[in-house]
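Asker: Next up, upload.txt (compact mmCIF, N, CA and C atoms).
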# COMPACT_ATOMS: atom_id res chain seq x y z
N MET E 183 -32.97 -77.48 83.28
CA MET E 183 -32.13 -76.88 82.27
C MET E 183 -30.97 -76.19 82.99
N LYS E 184 -29.75 -76.37 82.47
CA LYS E 184 -28.58 -75.80 83.12
C LYS E 184 -28.58 -74.28 83.04
N LYS E 185 -27.89 -73.67 83.99
CA LYS E 185 -27.88 -72.22 84.11
C LYS E 185 -27.37 -71.52 82.85
N ARG E 186 -26.38 -72.10 82.20
CA ARG E 186 -25.81 -71.44 81.02
C ARG E 186 -26.78 -71.39 79.84
N PHE E 187 -27.84 -72.18 79.89
CA PHE E 187 -28.84 -72.19 78.81
C PHE E 187 -30.02 -71.26 79.09
N ARG E 188 -29.99 -70.54 80.24
CA ARG E 188 -31.12 -69.71 80.62
C ARG E 188 -30.84 -68.22 80.45
N ILE E 189 -31.87 -67.48 80.13
CA ILE E 189 -31.80 -66.02 80.12
C ILE E 189 -32.62 -65.56 81.31
N LYS E 190 -31.99 -64.83 82.22
CA LYS E 190 -32.67 -64.40 83.43
C LYS E 190 -32.68 -62.87 83.58
N LYS E 191 -31.65 -62.20 83.09
CA LYS E 191 -31.51 -60.77 83.33
C LYS E 191 -32.45 -59.95 82.46
N ASN E 192 -33.01 -58.92 83.06
CA ASN E 192 -33.95 -58.06 82.36
C ASN E 192 -33.30 -57.39 81.14
N GLU E 193 -32.04 -56.97 81.26
CA GLU E 193 -31.39 -56.32 80.12
C GLU E 193 -31.20 -57.28 78.95
N ASP E 194 -31.01 -58.57 79.21
CA ASP E 194 -30.95 -59.56 78.13
C ASP E 194 -32.31 -59.69 77.44
N PHE E 195 -33.38 -59.74 78.23
CA PHE E 195 -34.74 -59.79 77.67
C PHE E 195 -34.99 -58.56 76.81
N GLN E 196 -34.65 -57.38 77.34
CA GLN E 196 -34.91 -56.13 76.62
C GLN E 196 -34.11 -56.05 75.33
N GLU E 197 -32.88 -56.54 75.32
CA GLU E 197 -32.06 -56.53 74.10
C GLU E 197 -32.73 -57.37 73.01
N ILE E 198 -33.26 -58.52 73.38
CA ILE E 198 -33.92 -59.39 72.41
C ILE E 198 -35.21 -58.74 71.90
N PHE E 199 -35.98 -58.12 72.80
CA PHE E 199 -37.20 -57.43 72.39
C PHE E 199 -36.90 -56.27 71.44
N ARG E 200 -35.81 -55.55 71.68
CA ARG E 200 -35.47 -54.39 70.84
C ARG E 200 -35.15 -54.80 69.40
N LYS E 201 -34.61 -56.00 69.20
CA LYS E 201 -34.26 -56.46 67.85
C LYS E 201 -35.50 -56.78 67.02
N LYS E 202 -36.63 -57.06 67.69
CA LYS E 202 -37.94 -57.22 67.05
C LYS E 202 -38.02 -58.31 65.98
N LYS E 203 -37.23 -59.35 66.08
CA LYS E 203 -37.39 -60.47 65.15
C LYS E 203 -38.20 -61.55 65.87
N SER E 204 -39.44 -61.75 65.41
CA SER E 204 -40.29 -62.70 66.12
C SER E 204 -41.13 -63.51 65.13
N VAL E 205 -41.54 -64.67 65.62
CA VAL E 205 -42.50 -65.51 64.89
C VAL E 205 -43.51 -66.01 65.91
N ALA E 206 -44.68 -66.42 65.43
CA ALA E 206 -45.72 -66.84 66.36
C ALA E 206 -46.66 -67.85 65.72
N ASN E 207 -47.30 -68.62 66.58
CA ASN E 207 -48.48 -69.39 66.20
C ASN E 207 -49.53 -69.09 67.26
N ARG E 208 -50.58 -69.85 67.33
CA ARG E 208 -51.67 -69.52 68.27
C ARG E 208 -51.24 -69.66 69.73
N GLN E 209 -50.29 -70.54 70.02
CA GLN E 209 -49.93 -70.83 71.40
C GLN E 209 -48.67 -70.10 71.90
N PHE E 210 -47.73 -69.80 71.00
CA PHE E 210 -46.45 -69.24 71.42
C PHE E 210 -46.00 -68.10 70.53
N VAL E 211 -45.22 -67.19 71.11
CA VAL E 211 -44.49 -66.18 70.36
C VAL E 211 -43.01 -66.42 70.69
N ILE E 212 -42.16 -66.42 69.69
CA ILE E 212 -40.73 -66.59 69.92
C ILE E 212 -40.00 -65.38 69.35
N TYR E 213 -39.20 -64.74 70.20
CA TYR E 213 -38.30 -63.66 69.78
C TYR E 213 -36.90 -64.24 69.67
N ILE E 214 -36.18 -63.88 68.60
CA ILE E 214 -34.88 -64.48 68.31
C ILE E 214 -33.82 -63.40 68.19
N LEU E 215 -32.63 -63.71 68.71
CA LEU E 215 -31.47 -62.83 68.57
C LEU E 215 -30.26 -63.70 68.24
N ASP E 216 -29.58 -63.40 67.13
CA ASP E 216 -28.36 -64.13 66.77
C ASP E 216 -27.21 -63.62 67.64
N LYS E 217 -26.41 -64.55 68.17
CA LYS E 217 -25.24 -64.22 68.98
C LYS E 217 -24.07 -65.05 68.44
N PRO E 218 -23.38 -64.59 67.41
CA PRO E 218 -22.32 -65.39 66.79
C PRO E 218 -21.19 -65.81 67.74
N GLU E 219 -20.91 -64.99 68.76
CA GLU E 219 -19.81 -65.30 69.68
C GLU E 219 -20.17 -66.35 70.72
N GLN E 220 -21.43 -66.70 70.82
CA GLN E 220 -21.92 -67.64 71.81
C GLN E 220 -21.80 -69.07 71.31
N LYS E 221 -21.41 -70.00 72.20
CA LYS E 221 -21.19 -71.39 71.81
C LYS E 221 -22.43 -72.28 71.95
N HIS E 222 -23.48 -71.76 72.56
CA HIS E 222 -24.70 -72.54 72.77
C HIS E 222 -25.91 -71.61 72.76
N PHE E 223 -27.09 -72.20 72.64
CA PHE E 223 -28.30 -71.38 72.67
C PHE E 223 -28.64 -71.04 74.11
N ARG E 224 -29.43 -69.97 74.29
CA ARG E 224 -30.00 -69.63 75.59
C ARG E 224 -31.48 -69.35 75.39
N VAL E 225 -32.27 -69.67 76.40
CA VAL E 225 -33.71 -69.50 76.29
C VAL E 225 -34.26 -68.78 77.51
N GLY E 226 -35.21 -67.90 77.26
CA GLY E 226 -35.94 -67.22 78.33
C GLY E 226 -37.41 -67.56 78.20
N LEU E 227 -38.10 -67.66 79.31
CA LEU E 227 -39.52 -68.01 79.30
C LEU E 227 -40.34 -66.89 79.92
N SER E 228 -41.50 -66.66 79.35
CA SER E 228 -42.42 -65.69 79.91
C SER E 228 -43.83 -66.27 79.85
N VAL E 229 -44.44 -66.38 81.03
CA VAL E 229 -45.81 -66.87 81.14
C VAL E 229 -46.57 -65.85 81.98
N SER E 230 -47.53 -65.19 81.38
CA SER E 230 -48.27 -64.11 82.01
C SER E 230 -49.21 -64.61 83.11
N LYS E 231 -49.49 -63.74 84.06
CA LYS E 231 -50.46 -64.06 85.11
C LYS E 231 -51.86 -64.24 84.56
N LYS E 232 -52.09 -63.75 83.36
CA LYS E 232 -53.40 -63.91 82.72
C LYS E 232 -53.70 -65.37 82.38
N LEU E 233 -52.65 -66.21 82.33
CA LEU E 233 -52.83 -67.61 81.96
C LEU E 233 -53.31 -68.47 83.12
N GLY E 234 -53.20 -67.98 84.33
CA GLY E 234 -53.67 -68.76 85.46
C GLY E 234 -52.89 -68.47 86.72
N ASN E 235 -53.16 -69.28 87.74
CA ASN E 235 -52.46 -69.08 89.01
C ASN E 235 -51.03 -69.62 88.92
N ALA E 236 -50.28 -69.53 90.02
CA ALA E 236 -48.87 -69.90 90.02
C ALA E 236 -48.67 -71.37 89.65
N VAL E 237 -49.56 -72.23 90.10
CA VAL E 237 -49.45 -73.66 89.79
C VAL E 237 -49.55 -73.88 88.29
N THR E 238 -50.51 -73.24 87.65
CA THR E 238 -50.69 -73.36 86.20
C THR E 238 -49.50 -72.80 85.45
N ARG E 239 -49.04 -71.62 85.84
CA ARG E 239 -47.90 -71.00 85.15
C ARG E 239 -46.64 -71.84 85.30
N ASN E 240 -46.39 -72.38 86.47
CA ASN E 240 -45.21 -73.23 86.68
C ASN E 240 -45.30 -74.52 85.87
N ARG E 241 -46.50 -75.09 85.75
CA ARG E 241 -46.68 -76.30 84.94
C ARG E 241 -46.36 -76.00 83.48
N ILE E 242 -46.84 -74.86 82.98
CA ILE E 242 -46.57 -74.47 81.60
C ILE E 242 -45.06 -74.32 81.39
N LYS E 243 -44.38 -73.67 82.33
CA LYS E 243 -42.93 -73.49 82.21
C LYS E 243 -42.19 -74.82 82.25
N ARG E 244 -42.64 -75.73 83.10
CA ARG E 244 -42.02 -77.07 83.14
C ARG E 244 -42.17 -77.78 81.81
N TYR E 245 -43.38 -77.71 81.23
CA TYR E 245 -43.62 -78.34 79.93
C TYR E 245 -42.71 -77.75 78.86
N ILE E 246 -42.60 -76.44 78.83
CA ILE E 246 -41.76 -75.77 77.82
C ILE E 246 -40.30 -76.17 78.01
N ARG E 247 -39.81 -76.13 79.26
CA ARG E 247 -38.41 -76.50 79.53
C ARG E 247 -38.13 -77.94 79.13
N GLU E 248 -39.05 -78.84 79.43
CA GLU E 248 -38.85 -80.25 79.09
C GLU E 248 -38.87 -80.45 77.58
N ALA E 249 -39.75 -79.76 76.87
CA ALA E 249 -39.78 -79.87 75.41
C ALA E 249 -38.47 -79.36 74.81
N ILE E 250 -37.97 -78.25 75.32
CA ILE E 250 -36.70 -77.70 74.82
C ILE E 250 -35.55 -78.64 75.14
N LYS E 251 -35.59 -79.26 76.32
CA LYS E 251 -34.55 -80.22 76.69
C LYS E 251 -34.53 -81.41 75.72
N GLU E 252 -35.71 -81.87 75.33
CA GLU E 252 -35.78 -82.99 74.38
C GLU E 252 -35.33 -82.58 72.98
N LEU E 253 -35.48 -81.31 72.63
CA LEU E 253 -35.12 -80.82 71.29
C LEU E 253 -33.73 -80.19 71.24
N LYS E 254 -33.03 -80.14 72.36
CA LYS E 254 -31.81 -79.35 72.43
C LYS E 254 -30.73 -79.78 71.45
N GLU E 255 -30.64 -81.05 71.12
CA GLU E 255 -29.63 -81.52 70.16
C GLU E 255 -29.92 -81.00 68.75
N ASP E 256 -31.18 -80.66 68.47
CA ASP E 256 -31.59 -80.23 67.14
C ASP E 256 -31.67 -78.71 66.99
N LEU E 257 -31.39 -77.98 68.06
CA LEU E 257 -31.46 -76.52 68.01
C LEU E 257 -30.12 -75.93 67.58
N TYR E 258 -30.20 -74.83 66.83
CA TYR E 258 -28.99 -74.13 66.44
C TYR E 258 -28.31 -73.51 67.64
N GLU E 259 -26.98 -73.52 67.64
CA GLU E 259 -26.22 -72.82 68.66
C GLU E 259 -26.20 -71.33 68.32
N ASN E 260 -25.53 -70.53 69.11
CA ASN E 260 -25.35 -69.07 68.96
C ASN E 260 -26.66 -68.32 68.74
N LYS E 261 -27.69 -68.71 69.44
CA LYS E 261 -28.95 -67.96 69.37
C LYS E 261 -29.51 -67.81 70.78
N ASP E 262 -30.06 -66.63 71.01
CA ASP E 262 -30.87 -66.42 72.21
C ASP E 262 -32.31 -66.35 71.74
N PHE E 263 -33.22 -66.95 72.47
CA PHE E 263 -34.62 -66.81 72.11
C PHE E 263 -35.50 -66.79 73.35
N LEU E 264 -36.60 -66.07 73.23
CA LEU E 264 -37.59 -65.96 74.29
C LEU E 264 -38.85 -66.68 73.84
N VAL E 265 -39.41 -67.46 74.71
CA VAL E 265 -40.66 -68.16 74.43
C VAL E 265 -41.73 -67.52 75.31
N ILE E 266 -42.75 -66.97 74.68
CA ILE E 266 -43.85 -66.35 75.40
C ILE E 266 -45.10 -67.19 75.15
N ALA E 267 -45.70 -67.66 76.24
CA ALA E 267 -46.89 -68.51 76.13
C ALA E 267 -48.13 -67.66 76.00
N ARG E 268 -49.05 -68.11 75.17
CA ARG E 268 -50.35 -67.46 74.99
C ARG E 268 -51.43 -68.30 75.66
N HIS E 269 -52.64 -67.78 75.69
CA HIS E 269 -53.72 -68.38 76.49
C HIS E 269 -54.03 -69.86 76.20
N PRO E 270 -54.08 -70.33 74.95
CA PRO E 270 -54.48 -71.74 74.77
C PRO E 270 -53.56 -72.75 75.45
N VAL E 271 -52.35 -72.35 75.80
CA VAL E 271 -51.38 -73.28 76.40
C VAL E 271 -51.85 -73.78 77.76
N SER E 272 -52.60 -72.98 78.48
CA SER E 272 -53.02 -73.37 79.83
C SER E 272 -53.91 -74.61 79.85
N ASP E 273 -54.53 -74.94 78.72
CA ASP E 273 -55.41 -76.12 78.64
C ASP E 273 -54.77 -77.30 77.93
N MET E 274 -53.48 -77.22 77.61
CA MET E 274 -52.83 -78.25 76.82
C MET E 274 -52.02 -79.20 77.70
N ASP E 275 -51.85 -80.45 77.23
CA ASP E 275 -50.96 -81.37 77.93
C ASP E 275 -49.56 -81.27 77.32
N PHE E 276 -48.61 -82.03 77.88
CA PHE E 276 -47.21 -81.90 77.47
C PHE E 276 -47.01 -82.16 75.98
N HIS E 277 -47.63 -83.21 75.44
CA HIS E 277 -47.40 -83.56 74.03
C HIS E 277 -47.92 -82.49 73.09
N GLU E 278 -49.03 -81.87 73.44
CA GLU E 278 -49.57 -80.78 72.63
C GLU E 278 -48.65 -79.55 72.69
N VAL E 279 -48.12 -79.27 73.88
CA VAL E 279 -47.19 -78.14 74.05
C VAL E 279 -45.94 -78.39 73.21
N LYS E 280 -45.41 -79.60 73.29
CA LYS E 280 -44.19 -79.92 72.53
C LYS E 280 -44.43 -79.80 71.03
N LYS E 281 -45.54 -80.32 70.56
CA LYS E 281 -45.86 -80.26 69.13
C LYS E 281 -46.00 -78.82 68.66
N SER E 282 -46.69 -78.00 69.43
CA SER E 282 -46.87 -76.59 69.07
C SER E 282 -45.56 -75.83 69.12
N LEU E 283 -44.74 -76.10 70.13
CA LEU E 283 -43.44 -75.44 70.26
C LEU E 283 -42.52 -75.85 69.10
N LEU E 284 -42.55 -77.11 68.73
CA LEU E 284 -41.76 -77.57 67.59
C LEU E 284 -42.21 -76.87 66.31
N HIS E 285 -43.51 -76.71 66.14
CA HIS E 285 -44.05 -76.03 64.96
C HIS E 285 -43.53 -74.60 64.86
N VAL E 286 -43.63 -73.85 65.95
CA VAL E 286 -43.20 -72.45 65.91
C VAL E 286 -41.68 -72.34 65.80
N MET E 287 -40.94 -73.30 66.35
CA MET E 287 -39.47 -73.29 66.21
C MET E 287 -39.04 -73.57 64.78
N LYS E 288 -39.79 -74.43 64.09
CA LYS E 288 -39.48 -74.67 62.68
C LYS E 288 -39.73 -73.41 61.86
N ILE E 289 -40.80 -72.69 62.15
CA ILE E 289 -41.08 -71.43 61.47
C ILE E 289 -39.96 -70.42 61.73
N ALA E 290 -39.47 -70.41 62.97
CA ALA E 290 -38.42 -69.47 63.37
C ALA E 290 -37.04 -69.90 62.88
N LYS E 291 -36.96 -71.09 62.28
CA LYS E 291 -35.70 -71.64 61.81
C LYS E 291 -34.68 -71.82 62.94
N LEU E 292 -35.17 -72.31 64.07
CA LEU E 292 -34.32 -72.63 65.20
C LEU E 292 -33.91 -74.10 65.20
N ILE E 293 -34.66 -74.91 64.42
CA ILE E 293 -34.39 -76.34 64.31
C ILE E 293 -33.50 -76.57 63.09
N LYS E 294 -32.48 -77.41 63.26
CA LYS E 294 -31.57 -77.70 62.16
C LYS E 294 -32.33 -78.38 61.03
N ALA E 295 -32.10 -77.94 59.82
CA ALA E 295 -32.87 -78.39 58.66
C ALA E 295 -32.62 -79.85 58.32
N ASN E 296 -31.42 -80.35 58.59
CA ASN E 296 -31.08 -81.71 58.19
C ASN E 296 -31.62 -82.76 59.17
N ARG E 297 -32.32 -82.33 60.19
CA ARG E 297 -32.86 -83.25 61.19
C ARG E 297 -34.30 -83.62 60.84
N GLU E 298 -34.64 -84.87 61.03
CA GLU E 298 -36.03 -85.33 60.88
C GLU E 298 -36.58 -85.54 62.26
N LEU E 299 -37.63 -84.84 62.60
CA LEU E 299 -38.21 -84.96 63.95
C LEU E 299 -39.59 -85.56 63.89
The structure in this file should be written as structure tokens.
Answerer:
Amino acid sequence: MKKRFRIKKNEDFQEIFRKKKSVANRQFVIYILDKPEQKHFRVGLSVSKKLGNAVTRNRIKRYIREAIKELKEDLYENKDFLVIARHPVSDMDFHEVKKSLLHVMKIAKLIKANREL
């Protein structure tokens, strides 16, 4: 994922957390912040050490990044969002992660309504 699509700075994470707009399912929590002046979406990832060792956490992050890359044409611009993985994700394969992430993104209204996925 290109640098302009990533959220890395702690103050950016904290700003999104302070707005407290979130949705969740069993596998993911997504925090959303509208940024009207922004021309594209940005995403931040958080995978806790409770989910496993570094290999497991990096695999989860790769799956999430790849799923977002495949869905990027269908995501709304001018939004920042954080994806926080929960425990069941550590036992899932890529297709299950993508399906669950798509589900929670539809709930969060991050996916364009006129798209059929």
Asker: Neighbouring residues of region 201-209 of chain E were defined as those with any atom within 8 Å, considering only C-alpha atoms; residues of the same chain fewer than 3 positions away were excluded. Please report them as a ChimeraX atom specification.
Answerer: /E:197-198,212-215,267-271,282,286,289-290
Asker: Could you give me, as a PyMOL selection string, the residues within 8 Å of region 184-186 of chain E, counting all atoms listed in the file and dropping anything in the same chain fewer than 3 positions from it?
Answerer: chain E and resi 189+222-225
Asker: Among chain E, which residues does DSSP mark as helix (DSSP H, G or I) when it is run on the backbone? Keep the chain and numbering as in the structure and answer as a PyMOL selection string.
Answerer: chain E and resi 185-187+192-201+231-233+236-256+269-273+276-289
Asker: Which residues in chain E does DSSP call strand (DSSP E)? List them as a ChimeraX atom specification.
Answerer: /E:204-206,210-216,224-228,261-267
Asker: Quick one, how far is atom C of Met274 (chain E) from CA of Gly234 (chain E)?
Answerer: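 Going from atom C of Met274 (chain E) over to CA of Gly234 (chain E), I get 13.1 Å.
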Asker: My list of candidates is E:Tyr258, E:Leu264, E:Lys221, E:Phe199. Which is closest to Lys291 (chain E) when distances are computed with only N, CA and C atoms?
Answerer: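 For Lys291 (chain E), the nearest of the given residues is E:Tyr258.
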Asker: Report, in Å to a single decimal, how far apart CA of Ala295 (chain E) and CA of Val229 (chain E) are.
Answerer: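 Result for CA of Val229 (chain E) versus CA of Ala295 (chain E): 28.4 Å, one decimal.
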Asker: At what distance in Å, to one decimal, does atom N of Ile266 (chain E) lie from atom N of Asn240 (chain E)?
Answerer: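 For atom N of Asn240 (chain E) relative to atom N of Ile266 (chain E), the distance reads 13.5 Å.
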Asker: When distances are computed from only N, CA and C atoms, which of E:Lys232, E:Arg188, E:Lys261, E:His277 shows the smallest separation from Pro218 (chain E)?
Answerer: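 For Pro218 (chain E), the nearest of the candidates is E:Lys261.
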Asker: From the list E:Leu233, E:Leu227, E:Val265, E:Ile250, which residue is nearest Lys190 (chain E) when using only C-alpha atoms?
Answerer: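 Nearest candidate to Lys190 (chain E) out of E:Leu233, E:Leu227, E:Val265, E:Ile250: E:Leu227.
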